[in-house]
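In what follows, a single structure is set out as structure tokens and then discussed.
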Amino acid sequence: MGSASGVFHTEAVTKTFGSLCAVDSLTVAVAPTEIYGLVGPSGAGKTTLIRMLSGLTEPTGGEARVLGARMPWDRRVVEHRFGYMPQERAVYRDLSVSENLLFFGRIYGMKRRRIAERTGMLLALMRLHGHRRQRADRLSGGEKQRLSLACALLHEPDALLLDEPTIGLDPALRYEFWNHFRDLSERGRTILLSTHYLQEAERCDRVGLIQKGRLVAEGDPETLRQQAAERSGQDELDMEQVFLILTGEGALKEAS
Amino acid sequence: MSGSRISAVAERVLRQLGHDRRVLAFMLILPAIAMLLFGYSFSGDITDVRVAFIDEDGTDLTVSILEHLREDDAFDVTVLETVDDPEQLLLKAGYQAVIRIPDKFTSLYYAHFAMGVATSAQGTIDLTLDESDPQIAATVKMGLADAAMDLGEGGPIEIDTRELYGVEVRFIDSFAPAIMGLVVALISTVLTLLSIVREKVDGTFSRIWVSPVRRTEFIVGYVIAFGLIALVQSLVVLTIGKTVFDIVINGSIAWAFACVILFAVGSVGLGTLLSSLAQTESQAIIFFPLVILPSVLLSGMMWPIQAIPRLLRPLSYVVPLTYSNRLLRAVMVKGLAPWQEPVGFAGVLIFVVLTILLASTVLRQSSGERE
């Protein structure tokens, strides 16, 4: 279980690269079983925030916690309990689908028998069972993406950090991915994901709108819609319009 | 065929290359390095062969032999008072030849033509020779024969050469250990380098560093994999060497395998180190000639290090394969245990420790891992 303040929790976390401030004093708390979406244009700081939470990037200021552990320093305490899916498909292209899963299962200390059980289950869930022996580089883009998600889910993590998990997928596959996320949340998993598809924000429990490293608005999709409606005086806004109103036109153009 | 389409393709390729400054720099530097190394690495003259000279006769004639050898650039002559076992000087003191002129050599030399009649008496010089490098052995034999010919009037001189390893060592016999080292170095370094760069490019690296894998475990995993590959490669080289070329193996095969695996460990470390300098696979590929050229030209593999010009020779001692060659030749041709070739053994050990430690630091930086 996570700390009282959230499974994923950042407190005024900041990351600078030279003179560039990628993430600027950002505070986010994701509650257990929640699907939290970081939404914003490319270069807004979503990946940097996720990398700080995963322990890959050290914050310049503030702190990032996962399940109560301060990242990256205490990451060894929680490394078995969260799963990470990088933006790149991040699978071994010269290994088969099942060999990829076997490797990622083994580095998490899983027994071969358990890996085999989970592999069967996940390949069925991801509709990859017909590709078990196929090399990853022969899979289509969508299939690779599903394999990448399966690798993140294999060790049954309590919490998931997914960096642009639906990027490059066709609408039908994106819909399918979101069904997986909802299903995982109902099974008690907490998910923090990033996306630049504004429509996907609708399917999150809560959304953080990020622009130039700052959190410009946060809340469930309905609350954000109301905020935007109050600010603009318009009704029946879709998420693109909500984003436009809450962040400004330039950001919307960049995002779309 | 369209000229504009062809030029569009050519221009695009050049632009792409131009955008990668590292690749561009190497494209220009590499031909220069290759030309200089090929041009200078083999001077054609072997110099500084370490020779121990023991003069038990101590006459003007024997001193003139010594002077002749000293004037020859091929030799670095050390005069010793006495010697009990010349072989030990070769095996343990680093000499490549021991020349002993026995007592009464001069009188026997002149006795041959005493009173104008040729007798069977003749002066004999004892030469004990390290033949593990046949080119050096040939240089010593030739240099000593020259010195003996210039003595002026007197009888013929017999040079009694002792074959240290029981049989005459051919080029292929001393070449086989070098091939083993080269193959292992190339495969382990190049494949580790490519594999790690590919992990970076594909994003699997970040997945690994988020998982419970420690960087030590990561390196040891690579070491085990490439250690096994090195073992199989060595078996192939030795099997073909023995069955097709009938190479001389005087030493322990087990020690040879142990040394090859040790060298593979260092090569994995080197590949990991180089991977920190490359962000893409094309940048990684340009390192290949930088590993291959010095290994082939400066390690004493093709010709003795003493045949490399003195100015360039310090570079040989930076090339890891130089130490592997010494070590493997000592183990396989001379039949020594690894520690009886201290320079080669220490060189390989330092190579292993240094590259693995540095590789670990490099991985820590690229993984952002903190302990």
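Chains: A, B, ... in order of the structure tokens. Residues: from 1 per chain. Ligands: from 1, in order shown.
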
Pull the closest atom pair for each residue of chain B that gets at most 12 Å from chain A, along with the distance in Å to one decimal, counting only C-alpha atoms, ordering rows by chain and then ascending residue number, as CSV.
```
residue,atom,partner,partner_atom,distance
B:Ser195,CA,A:Tyr92,CA,10.2
B:Ile196,CA,A:Tyr92,CA,11.5
B:Arg198,CA,A:Tyr92,CA,9.0
B:Glu199,CA,A:Tyr92,CA,8.0
B:Lys200,CA,A:Ala90,CA,9.2
B:Val201,CA,A:Glu88,CA,8.6
B:Asp202,CA,A:Ala90,CA,5.2
B:Gly203,CA,A:Ala90,CA,4.5
B:Thr204,CA,A:Ala90,CA,4.5
B:Phe205,CA,A:Ala90,CA,8.0
B:Ser206,CA,A:Leu56,CA,7.0
B:Arg207,CA,A:Tyr84,CA,6.8
B:Ile208,CA,A:Ile107,CA,8.2
B:Trp209,CA,A:Leu56,CA,7.1
B:Val210,CA,A:Ser54,CA,6.4
B:Ser211,CA,A:Glu79,CA,6.0
B:Pro212,CA,A:Glu79,CA,6.0
B:Val213,CA,A:Ile107,CA,6.2
B:Arg214,CA,A:Arg76,CA,9.9
B:Glu217,CA,A:Ile107,CA,10.0
B:Phe218,CA,A:Ile107,CA,10.1
B:Gly221,CA,A:Ile107,CA,11.3
B:Arg364,CA,A:Leu56,CA,10.7
B:Gln365,CA,A:Leu56,CA,10.4
B:Ser366,CA,A:Leu56,CA,9.1
B:Ser367,CA,A:Leu56,CA,6.5
B:Gly368,CA,A:Leu56,CA,5.6
B:Glu369,CA,A:Leu56,CA,7.2
B:Arg370,CA,A:Trp73,CA,6.2
B:Glu371,CA,A:Trp73,CA,7.0
```

Quick one: write out the picked residues with N, CA and C atoms as a PDB file, in the first residue's frame?
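Full text of out08.pdb as output:
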```pdb
ATOM      1  N   SER B 195      25.500  -4.494 -28.188  1.00  0.00           N
ATOM      2  CA  SER B 195      24.358  -4.939 -27.416  1.00  0.00           C
ATOM      3  C   SER B 195      23.905  -3.847 -26.431  1.00  0.00           C
ATOM      4  N   ILE B 196      24.868  -3.185 -25.769  1.00  0.00           N
ATOM      5  CA  ILE B 196      24.493  -2.158 -24.787  1.00  0.00           C
ATOM      6  C   ILE B 196      23.955  -0.913 -25.494  1.00  0.00           C
ATOM      7  N   ARG B 198      22.388  -0.906 -28.246  1.00  0.00           N
ATOM      8  CA  ARG B 198      21.054  -1.269 -28.693  1.00  0.00           C
ATOM      9  C   ARG B 198      20.058  -1.183 -27.526  1.00  0.00           C
ATOM     10  N   GLU B 199      20.514  -1.565 -26.331  1.00  0.00           N
ATOM     11  CA  GLU B 199      19.639  -1.442 -25.147  1.00  0.00           C
ATOM     12  C   GLU B 199      19.256   0.023 -24.922  1.00  0.00           C
ATOM     13  N   LYS B 200      20.223   0.916 -25.156  1.00  0.00           N
ATOM     14  CA  LYS B 200      19.939   2.351 -24.974  1.00  0.00           C
ATOM     15  C   LYS B 200      18.947   2.821 -26.021  1.00  0.00           C
ATOM     16  N   VAL B 201      19.222   2.442 -27.282  1.00  0.00           N
ATOM     17  CA  VAL B 201      18.387   2.916 -28.385  1.00  0.00           C
ATOM     18  C   VAL B 201      16.949   2.394 -28.237  1.00  0.00           C
ATOM     19  N   ASP B 202      16.809   1.125 -27.866  1.00  0.00           N
ATOM     20  CA  ASP B 202      15.480   0.511 -27.796  1.00  0.00           C
ATOM     21  C   ASP B 202      14.724   0.828 -26.511  1.00  0.00           C
ATOM     22  N   GLY B 203      15.417   1.378 -25.524  1.00  0.00           N
ATOM     23  CA  GLY B 203      14.751   1.733 -24.269  1.00  0.00           C
ATOM     24  C   GLY B 203      14.728   0.608 -23.250  1.00  0.00           C
ATOM     25  N   THR B 204      15.278  -0.569 -23.611  1.00  0.00           N
ATOM     26  CA  THR B 204      15.275  -1.673 -22.642  1.00  0.00           C
ATOM     27  C   THR B 204      16.198  -1.374 -21.471  1.00  0.00           C
ATOM     28  N   PHE B 205      17.182  -0.495 -21.704  1.00  0.00           N
ATOM     29  CA  PHE B 205      18.113  -0.110 -20.637  1.00  0.00           C
ATOM     30  C   PHE B 205      17.344   0.508 -19.461  1.00  0.00           C
ATOM     31  N   SER B 206      16.422   1.442 -19.786  1.00  0.00           N
ATOM     32  CA  SER B 206      15.694   2.092 -18.692  1.00  0.00           C
ATOM     33  C   SER B 206      14.791   1.082 -17.987  1.00  0.00           C
ATOM     34  N   ARG B 207      14.251   0.135 -18.759  1.00  0.00           N
ATOM     35  CA  ARG B 207      13.420  -0.895 -18.130  1.00  0.00           C
ATOM     36  C   ARG B 207      14.251  -1.738 -17.155  1.00  0.00           C
ATOM     37  N   ILE B 208      15.487  -2.040 -17.548  1.00  0.00           N
ATOM     38  CA  ILE B 208      16.351  -2.846 -16.698  1.00  0.00           C
ATOM     39  C   ILE B 208      16.701  -2.088 -15.417  1.00  0.00           C
ATOM     40  N   TRP B 209      17.019  -0.790 -15.548  1.00  0.00           N
ATOM     41  CA  TRP B 209      17.448  -0.056 -14.338  1.00  0.00           C
ATOM     42  C   TRP B 209      16.303   0.236 -13.397  1.00  0.00           C
ATOM     43  N   VAL B 210      15.057   0.125 -13.885  1.00  0.00           N
ATOM     44  CA  VAL B 210      13.918   0.275 -12.990  1.00  0.00           C
ATOM     45  C   VAL B 210      13.661  -1.054 -12.261  1.00  0.00           C
ATOM     46  N   SER B 211      14.105  -2.149 -12.852  1.00  0.00           N
ATOM     47  CA  SER B 211      13.890  -3.474 -12.275  1.00  0.00           C
ATOM     48  C   SER B 211      14.908  -3.730 -11.154  1.00  0.00           C
ATOM     49  N   PRO B 212      14.803  -4.864 -10.456  1.00  0.00           N
ATOM     50  CA  PRO B 212      15.755  -5.131  -9.364  1.00  0.00           C
ATOM     51  C   PRO B 212      17.191  -5.444  -9.826  1.00  0.00           C
ATOM     52  N   VAL B 213      17.466  -5.467 -11.123  1.00  0.00           N
ATOM     53  CA  VAL B 213      18.819  -5.823 -11.590  1.00  0.00           C
ATOM     54  C   VAL B 213      19.834  -4.777 -11.124  1.00  0.00           C
ATOM     55  N   ARG B 214      20.927  -5.252 -10.490  1.00  0.00           N
ATOM     56  CA  ARG B 214      22.036  -4.367 -10.088  1.00  0.00           C
ATOM     57  C   ARG B 214      23.034  -4.301 -11.234  1.00  0.00           C
ATOM     58  N   GLU B 217      25.259  -7.236 -11.384  1.00  0.00           N
ATOM     59  CA  GLU B 217      24.608  -8.423 -11.953  1.00  0.00           C
ATOM     60  C   GLU B 217      24.562  -8.325 -13.473  1.00  0.00           C
ATOM     61  N   PHE B 218      24.320  -7.135 -13.947  1.00  0.00           N
ATOM     62  CA  PHE B 218      24.258  -6.902 -15.394  1.00  0.00           C
ATOM     63  C   PHE B 218      25.608  -7.246 -16.033  1.00  0.00           C
ATOM     64  N   GLY B 221      26.458 -10.969 -15.792  1.00  0.00           N
ATOM     65  CA  GLY B 221      25.661 -11.695 -16.789  1.00  0.00           C
ATOM     66  C   GLY B 221      26.330 -11.665 -18.153  1.00  0.00           C
ATOM     67  N   ARG B 364      26.661   3.032 -13.911  1.00  0.00           N
ATOM     68  CA  ARG B 364      25.985   3.748 -12.839  1.00  0.00           C
ATOM     69  C   ARG B 364      25.519   5.125 -13.345  1.00  0.00           C
ATOM     70  N   GLN B 365      26.401   5.759 -14.126  1.00  0.00           N
ATOM     71  CA  GLN B 365      26.041   7.080 -14.658  1.00  0.00           C
ATOM     72  C   GLN B 365      24.877   6.977 -15.629  1.00  0.00           C
ATOM     73  N   SER B 366      24.948   5.956 -16.505  1.00  0.00           N
ATOM     74  CA  SER B 366      23.891   5.879 -17.513  1.00  0.00           C
ATOM     75  C   SER B 366      22.581   5.372 -16.920  1.00  0.00           C
ATOM     76  N   SER B 367      22.649   4.693 -15.774  1.00  0.00           N
ATOM     77  CA  SER B 367      21.414   4.203 -15.179  1.00  0.00           C
ATOM     78  C   SER B 367      20.864   5.192 -14.171  1.00  0.00           C
ATOM     79  N   GLY B 368      21.695   6.152 -13.770  1.00  0.00           N
ATOM     80  CA  GLY B 368      21.268   7.112 -12.752  1.00  0.00           C
ATOM     81  C   GLY B 368      21.166   6.454 -11.388  1.00  0.00           C
ATOM     82  N   GLU B 369      21.760   5.251 -11.273  1.00  0.00           N
ATOM     83  CA  GLU B 369      21.640   4.513 -10.026  1.00  0.00           C
ATOM     84  C   GLU B 369      22.422   5.186  -8.903  1.00  0.00           C
ATOM     85  N   ARG B 370      21.843   5.237  -7.740  1.00  0.00           N
ATOM     86  CA  ARG B 370      22.534   5.776  -6.563  1.00  0.00           C
ATOM     87  C   ARG B 370      22.495   4.729  -5.459  1.00  0.00           C
ATOM     88  N   GLU B 371      23.604   4.648  -4.729  1.00  0.00           N
ATOM     89  CA  GLU B 371      23.581   3.677  -3.622  1.00  0.00           C
ATOM     90  C   GLU B 371      23.849   4.399  -2.300  1.00  0.00           C
TER      91      GLU B 371
END
```

Taking 5 positions as the minimum chain separation for residues in the same chain, which residues sit within 9 Å of Ile286 in chain B when counting only C-alpha atoms? Answer as a ChimeraX atom specification.
/B:22-23,26-27,30,281

Selection to disk with N, CA and C atoms, as a PDB file, in the first residue's frame:
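The resulting file, out_27.pdb, is reproduced below:
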```
ATOM      1  N   ARG B  22      30.230  12.892 -34.442  1.00  0.00           N
ATOM      2  CA  ARG B  22      31.199  11.853 -34.063  1.00  0.00           C
ATOM      3  C   ARG B  22      31.545  10.976 -35.262  1.00  0.00           C
ATOM      4  N   VAL B  23      30.490  10.586 -36.000  1.00  0.00           N
ATOM      5  CA  VAL B  23      30.727   9.739 -37.176  1.00  0.00           C
ATOM      6  C   VAL B  23      31.581  10.501 -38.184  1.00  0.00           C
ATOM      7  N   PHE B  26      35.201  10.654 -37.085  1.00  0.00           N
ATOM      8  CA  PHE B  26      35.885   9.369 -37.245  1.00  0.00           C
ATOM      9  C   PHE B  26      36.152   9.048 -38.711  1.00  0.00           C
ATOM     10  N   MET B  27      35.205   9.486 -39.563  1.00  0.00           N
ATOM     11  CA  MET B  27      35.406   9.216 -40.991  1.00  0.00           C
ATOM     12  C   MET B  27      36.675   9.892 -41.495  1.00  0.00           C
ATOM     13  N   LEU B  30      39.870   8.279 -39.103  1.00  0.00           N
ATOM     14  CA  LEU B  30      40.196   6.863 -39.280  1.00  0.00           C
ATOM     15  C   LEU B  30      41.182   6.568 -40.410  1.00  0.00           C
ATOM     16  N   GLU B 281      23.794   3.111 -33.002  1.00  0.00           N
ATOM     17  CA  GLU B 281      24.522   1.944 -33.489  1.00  0.00           C
ATOM     18  C   GLU B 281      25.603   2.348 -34.497  1.00  0.00           C
TER      19      GLU B 281
END
```

Helix (DSSP H, G or I) residues, from DSSP on the backbone, in range 117-306 of chain B, as number ranges by chain:
B: 134-149, 171-202, 204-210, 215-245, 253-275, 281-285, 288-298, 305-306

Keeping only C-alpha atoms, write the selected residues to a file as a CSV table (one decimal), in the first residue's frame.
```
chain,number,residue,atom,x,y,z
B,134,PRO,CA,60.3,-17.5,-34.5
B,135,GLN,CA,61.1,-14.0,-36.0
B,136,ILE,CA,63.1,-13.0,-33.0
B,137,ALA,CA,64.8,-16.4,-32.9
B,138,ALA,CA,65.8,-15.9,-36.6
B,139,THR,CA,67.1,-12.4,-35.8
B,140,VAL,CA,69.3,-13.7,-33.0
B,141,LYS,CA,70.7,-16.6,-35.1
B,142,MET,CA,71.5,-14.2,-37.9
B,143,GLY,CA,73.1,-11.6,-35.7
B,144,LEU,CA,75.3,-14.1,-33.9
B,145,ALA,CA,76.4,-15.6,-37.2
B,146,ASP,CA,77.3,-12.2,-38.5
B,147,ALA,CA,79.3,-11.5,-35.4
B,148,ALA,CA,81.2,-14.8,-35.8
B,149,MET,CA,81.9,-14.2,-39.4
B,171,PHE,CA,55.2,-19.0,-37.1
B,172,ILE,CA,51.8,-20.7,-36.9
B,173,ASP,CA,52.7,-22.1,-33.4
B,174,SER,CA,53.1,-18.6,-32.0
B,175,PHE,CA,50.4,-17.2,-34.1
B,176,ALA,CA,47.6,-19.5,-32.8
B,177,PRO,CA,47.6,-18.1,-29.2
B,178,ALA,CA,47.4,-14.6,-30.8
B,179,ILE,CA,44.5,-15.6,-33.0
B,180,MET,CA,42.7,-16.9,-29.9
B,181,GLY,CA,43.2,-13.6,-28.1
B,182,LEU,CA,42.2,-11.5,-31.1
B,183,VAL,CA,39.0,-13.4,-31.8
B,184,VAL,CA,37.9,-13.3,-28.2
B,185,ALA,CA,38.8,-9.6,-27.9
B,186,LEU,CA,36.9,-8.7,-31.0
B,187,ILE,CA,33.8,-10.7,-30.4
B,188,SER,CA,33.5,-9.8,-26.7
B,189,THR,CA,34.3,-6.1,-27.1
B,190,VAL,CA,32.3,-5.5,-30.3
B,191,LEU,CA,29.2,-7.5,-29.3
B,192,THR,CA,29.0,-6.1,-25.8
B,193,LEU,CA,29.4,-2.6,-27.2
B,194,LEU,CA,26.6,-3.2,-29.8
B,195,SER,CA,24.4,-4.9,-27.4
B,196,ILE,CA,24.5,-2.2,-24.8
B,197,VAL,CA,24.1,0.6,-27.4
B,198,ARG,CA,21.1,-1.3,-28.7
B,199,GLU,CA,19.6,-1.4,-25.1
B,200,LYS,CA,19.9,2.4,-25.0
B,201,VAL,CA,18.4,2.9,-28.4
B,202,ASP,CA,15.5,0.5,-27.8
B,204,THR,CA,15.3,-1.7,-22.6
B,205,PHE,CA,18.1,-0.1,-20.6
B,206,SER,CA,15.7,2.1,-18.7
B,207,ARG,CA,13.4,-0.9,-18.1
B,208,ILE,CA,16.4,-2.8,-16.7
B,209,TRP,CA,17.4,-0.1,-14.3
B,210,VAL,CA,13.9,0.3,-13.0
B,215,ARG,CA,24.7,-3.1,-12.4
B,216,THR,CA,27.1,-5.7,-11.0
B,217,GLU,CA,24.6,-8.4,-12.0
B,218,PHE,CA,24.3,-6.9,-15.4
B,219,ILE,CA,28.0,-7.0,-16.0
B,220,VAL,CA,28.5,-10.5,-14.5
B,221,GLY,CA,25.7,-11.7,-16.8
B,222,TYR,CA,27.5,-10.4,-19.8
B,223,VAL,CA,30.8,-11.8,-18.6
B,224,ILE,CA,29.3,-15.3,-18.2
B,225,ALA,CA,27.7,-15.2,-21.6
B,226,PHE,CA,30.9,-14.0,-23.4
B,227,GLY,CA,33.1,-16.2,-21.2
B,228,LEU,CA,31.2,-19.2,-22.6
B,229,ILE,CA,31.5,-17.9,-26.1
B,230,ALA,CA,35.2,-17.3,-25.7
B,231,LEU,CA,35.6,-20.9,-24.5
B,232,VAL,CA,33.8,-22.3,-27.6
B,233,GLN,CA,35.8,-19.9,-29.9
B,234,SER,CA,39.1,-21.1,-28.3
B,235,LEU,CA,38.1,-24.7,-28.8
B,236,VAL,CA,37.5,-24.0,-32.5
B,237,VAL,CA,40.9,-22.3,-32.9
B,238,LEU,CA,42.7,-25.0,-31.1
B,239,THR,CA,41.0,-27.9,-32.8
B,240,ILE,CA,41.7,-26.5,-36.3
B,241,GLY,CA,45.2,-25.5,-35.2
B,242,LYS,CA,46.0,-29.0,-34.0
B,243,THR,CA,44.2,-31.0,-36.7
B,244,VAL,CA,45.0,-28.9,-39.7
B,245,PHE,CA,48.2,-27.1,-38.8
B,253,ILE,CA,45.1,-26.4,-22.3
B,254,ALA,CA,43.2,-25.7,-19.1
B,255,TRP,CA,45.4,-22.7,-18.2
B,256,ALA,CA,45.1,-21.5,-21.8
B,257,PHE,CA,41.2,-21.6,-21.5
B,258,ALA,CA,41.4,-19.9,-18.1
B,259,CYS,CA,43.5,-17.0,-19.6
B,260,VAL,CA,41.2,-16.7,-22.6
B,261,ILE,CA,38.2,-16.4,-20.3
B,262,LEU,CA,40.0,-13.8,-18.1
B,263,PHE,CA,40.8,-11.8,-21.2
B,264,ALA,CA,37.1,-12.1,-22.4
B,265,VAL,CA,36.1,-10.6,-19.0
B,266,GLY,CA,38.3,-7.5,-19.7
B,267,SER,CA,37.0,-7.3,-23.2
B,268,VAL,CA,33.4,-7.2,-22.0
B,269,GLY,CA,34.5,-4.4,-19.7
B,270,LEU,CA,36.1,-2.5,-22.6
B,271,GLY,CA,32.9,-2.9,-24.7
B,272,THR,CA,30.8,-1.6,-21.8
B,273,LEU,CA,33.2,1.4,-21.5
B,274,LEU,CA,33.1,2.2,-25.2
B,275,SER,CA,29.3,2.0,-25.1
B,281,GLU,CA,24.5,1.9,-33.5
B,282,SER,CA,26.4,3.8,-36.3
B,283,GLN,CA,28.5,5.6,-33.6
B,284,ALA,CA,29.2,2.2,-32.1
B,285,ILE,CA,30.3,0.6,-35.4
B,288,PHE,CA,35.3,-1.4,-34.5
B,289,PRO,CA,38.4,-0.4,-36.5
B,290,LEU,CA,39.8,1.5,-33.4
B,291,VAL,CA,39.7,-1.9,-31.6
B,292,ILE,CA,40.8,-4.0,-34.5
B,293,LEU,CA,43.7,-2.0,-36.0
B,294,PRO,CA,45.9,-1.5,-32.9
B,295,SER,CA,45.2,-5.1,-31.9
B,296,VAL,CA,46.5,-6.5,-35.1
B,297,LEU,CA,49.3,-4.1,-35.8
B,298,LEU,CA,50.7,-3.2,-32.4
B,305,ILE,CA,57.0,-5.7,-30.7
B,306,GLN,CA,60.7,-5.2,-31.3
```

Please measure the separation of CA of Gly142 in chain A and CA of Leu162 in chain A, giving the value in Å to one decimal.
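Going from CA of Gly142 in chain A over to CA of Leu162 in chain A, I get 15.5 Å.
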
Skipping near chain neighbours, those fewer than 2 positions away, what residues fall within 9 Å of range 187-200 of chain A using only C-alpha atoms, listed as a PyMOL selection string?
chain A and resi 7-8+30-42+46-47+50+157-167+174+178+181-185+202-204+238-240+243+255-256

Restricting the output to N, CA and C atoms, write the selected residues as a compact mmCIF listing (two decimals), in the first residue's frame.
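The result, stored in again-v1.txt:
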```txt
# COMPACT_ATOMS: atom_id res chain seq x y z
N VAL A 7 -0.11 6.82 -3.83
CA VAL A 7 0.78 5.76 -4.32
C VAL A 7 1.94 6.42 -5.07
N PHE A 8 1.58 7.37 -5.95
CA PHE A 8 2.60 8.22 -6.58
C PHE A 8 2.43 9.61 -6.00
N VAL A 30 -1.35 10.63 -6.42
CA VAL A 30 -2.25 9.67 -7.06
C VAL A 30 -2.70 8.65 -6.01
N ALA A 31 -4.02 8.57 -5.80
CA ALA A 31 -4.57 7.68 -4.77
C ALA A 31 -4.61 6.24 -5.26
N PRO A 32 -4.69 5.28 -4.33
CA PRO A 32 -4.77 3.87 -4.72
C PRO A 32 -5.96 3.60 -5.65
N THR A 33 -5.73 2.74 -6.60
CA THR A 33 -6.69 2.30 -7.66
C THR A 33 -7.10 3.42 -8.64
N GLU A 34 -6.48 4.55 -8.52
CA GLU A 34 -6.83 5.67 -9.39
C GLU A 34 -6.11 5.53 -10.74
N ILE A 35 -6.75 6.02 -11.81
CA ILE A 35 -6.06 6.18 -13.10
C ILE A 35 -5.85 7.69 -13.26
N TYR A 36 -4.59 8.07 -13.18
CA TYR A 36 -4.26 9.50 -13.24
C TYR A 36 -3.57 9.77 -14.57
N GLY A 37 -4.09 10.71 -15.31
CA GLY A 37 -3.50 11.02 -16.62
C GLY A 37 -2.74 12.33 -16.62
N LEU A 38 -1.48 12.26 -17.00
CA LEU A 38 -0.71 13.49 -17.22
C LEU A 38 -0.93 13.87 -18.67
N VAL A 39 -1.59 14.96 -18.88
CA VAL A 39 -1.95 15.34 -20.25
C VAL A 39 -1.25 16.64 -20.61
N GLY A 40 -0.66 16.66 -21.77
CA GLY A 40 0.00 17.89 -22.21
C GLY A 40 0.72 17.67 -23.51
N PRO A 41 1.15 18.74 -24.13
CA PRO A 41 1.82 18.61 -25.43
C PRO A 41 3.20 17.96 -25.29
N SER A 42 3.79 17.59 -26.41
CA SER A 42 5.15 17.04 -26.39
C SER A 42 6.08 18.09 -25.79
N LYS A 46 6.16 15.61 -19.19
CA LYS A 46 5.50 14.38 -18.72
C LYS A 46 6.50 13.24 -18.52
N THR A 47 7.34 13.03 -19.57
CA THR A 47 8.31 11.92 -19.49
C THR A 47 9.31 12.15 -18.36
N ILE A 50 7.70 11.23 -15.10
CA ILE A 50 7.59 9.77 -14.96
C ILE A 50 8.96 9.16 -14.68
N PRO A 157 2.60 -5.94 -10.64
CA PRO A 157 2.89 -4.78 -9.79
C PRO A 157 1.61 -4.14 -9.22
N ASP A 158 1.76 -3.48 -8.06
CA ASP A 158 0.62 -2.78 -7.46
C ASP A 158 0.36 -1.47 -8.19
N ALA A 159 1.42 -0.90 -8.74
CA ALA A 159 1.30 0.42 -9.34
C ALA A 159 2.00 0.42 -10.70
N LEU A 160 1.49 1.21 -11.62
CA LEU A 160 2.06 1.24 -12.98
C LEU A 160 2.38 2.66 -13.42
N LEU A 161 3.58 2.81 -13.96
CA LEU A 161 3.98 4.08 -14.57
C LEU A 161 4.05 3.85 -16.07
N LEU A 162 3.15 4.44 -16.82
CA LEU A 162 3.09 4.16 -18.26
C LEU A 162 3.32 5.47 -19.02
N ASP A 163 4.42 5.51 -19.77
CA ASP A 163 4.77 6.73 -20.50
C ASP A 163 4.23 6.63 -21.93
N GLU A 164 3.23 7.39 -22.22
CA GLU A 164 2.59 7.39 -23.55
C GLU A 164 2.29 5.96 -24.02
N PRO A 165 1.51 5.21 -23.25
CA PRO A 165 1.31 3.79 -23.63
C PRO A 165 0.52 3.60 -24.91
N THR A 166 -0.23 4.62 -25.32
CA THR A 166 -1.07 4.42 -26.52
C THR A 166 -0.54 5.16 -27.73
N ILE A 167 0.66 5.71 -27.62
CA ILE A 167 1.18 6.50 -28.75
C ILE A 167 1.33 5.61 -29.99
N ARG A 174 -6.35 1.68 -29.13
CA ARG A 174 -6.32 2.60 -27.99
C ARG A 174 -7.50 2.31 -27.07
N TRP A 178 -7.34 1.10 -23.17
CA TRP A 178 -8.03 1.76 -22.05
C TRP A 178 -8.93 0.78 -21.30
N PHE A 181 -6.63 -0.83 -18.93
CA PHE A 181 -6.29 0.04 -17.79
C PHE A 181 -7.43 0.05 -16.77
N ARG A 182 -8.66 0.17 -17.28
CA ARG A 182 -9.81 0.20 -16.37
C ARG A 182 -9.90 -1.10 -15.60
N ASP A 183 -9.69 -2.20 -16.32
CA ASP A 183 -9.75 -3.52 -15.69
C ASP A 183 -8.69 -3.64 -14.59
N LEU A 184 -7.48 -3.15 -14.89
CA LEU A 184 -6.40 -3.20 -13.89
C LEU A 184 -6.76 -2.36 -12.67
N SER A 185 -7.34 -1.22 -12.90
CA SER A 185 -7.72 -0.33 -11.80
C SER A 185 -8.77 -1.02 -10.92
N GLU A 202 -10.60 11.91 -20.98
CA GLU A 202 -11.98 11.58 -20.58
C GLU A 202 -12.03 10.28 -19.78
N ARG A 203 -11.09 9.37 -20.09
CA ARG A 203 -11.18 8.03 -19.49
C ARG A 203 -10.37 7.90 -18.20
N CYS A 204 -9.71 9.00 -17.80
CA CYS A 204 -8.96 8.97 -16.54
C CYS A 204 -9.88 9.31 -15.37
N ASP A 238 -15.62 19.82 -25.33
CA ASP A 238 -14.87 18.55 -25.34
C ASP A 238 -13.50 18.80 -24.72
N MET A 239 -12.73 17.73 -24.53
CA MET A 239 -11.47 17.87 -23.79
C MET A 239 -10.46 18.77 -24.51
N GLU A 240 -10.53 18.79 -25.81
CA GLU A 240 -9.60 19.67 -26.55
C GLU A 240 -9.89 21.12 -26.22
N PHE A 243 -8.81 21.88 -22.68
CA PHE A 243 -7.35 22.09 -22.63
C PHE A 243 -6.98 23.47 -23.18
N ALA A 255 -0.18 20.46 -29.11
CA ALA A 255 -0.63 19.12 -28.74
C ALA A 255 -1.30 18.41 -29.90
N SER A 256 -2.08 19.14 -30.68
CA SER A 256 -2.79 18.48 -31.76
C SER A 256 -1.91 18.36 -32.99
```

Run DSSP on the backbone of this structure and report the residues of range 179-234 of chain A it assigns to strand (DSSP E or B), as a list in words.
Thr190, Ile191, Leu192, Leu193, Ser194, Thr195, Arg206, Val207, Gly208, Leu209, Ile210, Gln211, Arg214, Leu215, Val216, Ala217, Glu218 and Gly219 of chain A

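When CA of Thr14 in chain A is paired with CA of Leu209 in chain A, their separation reads 16.3 Å.
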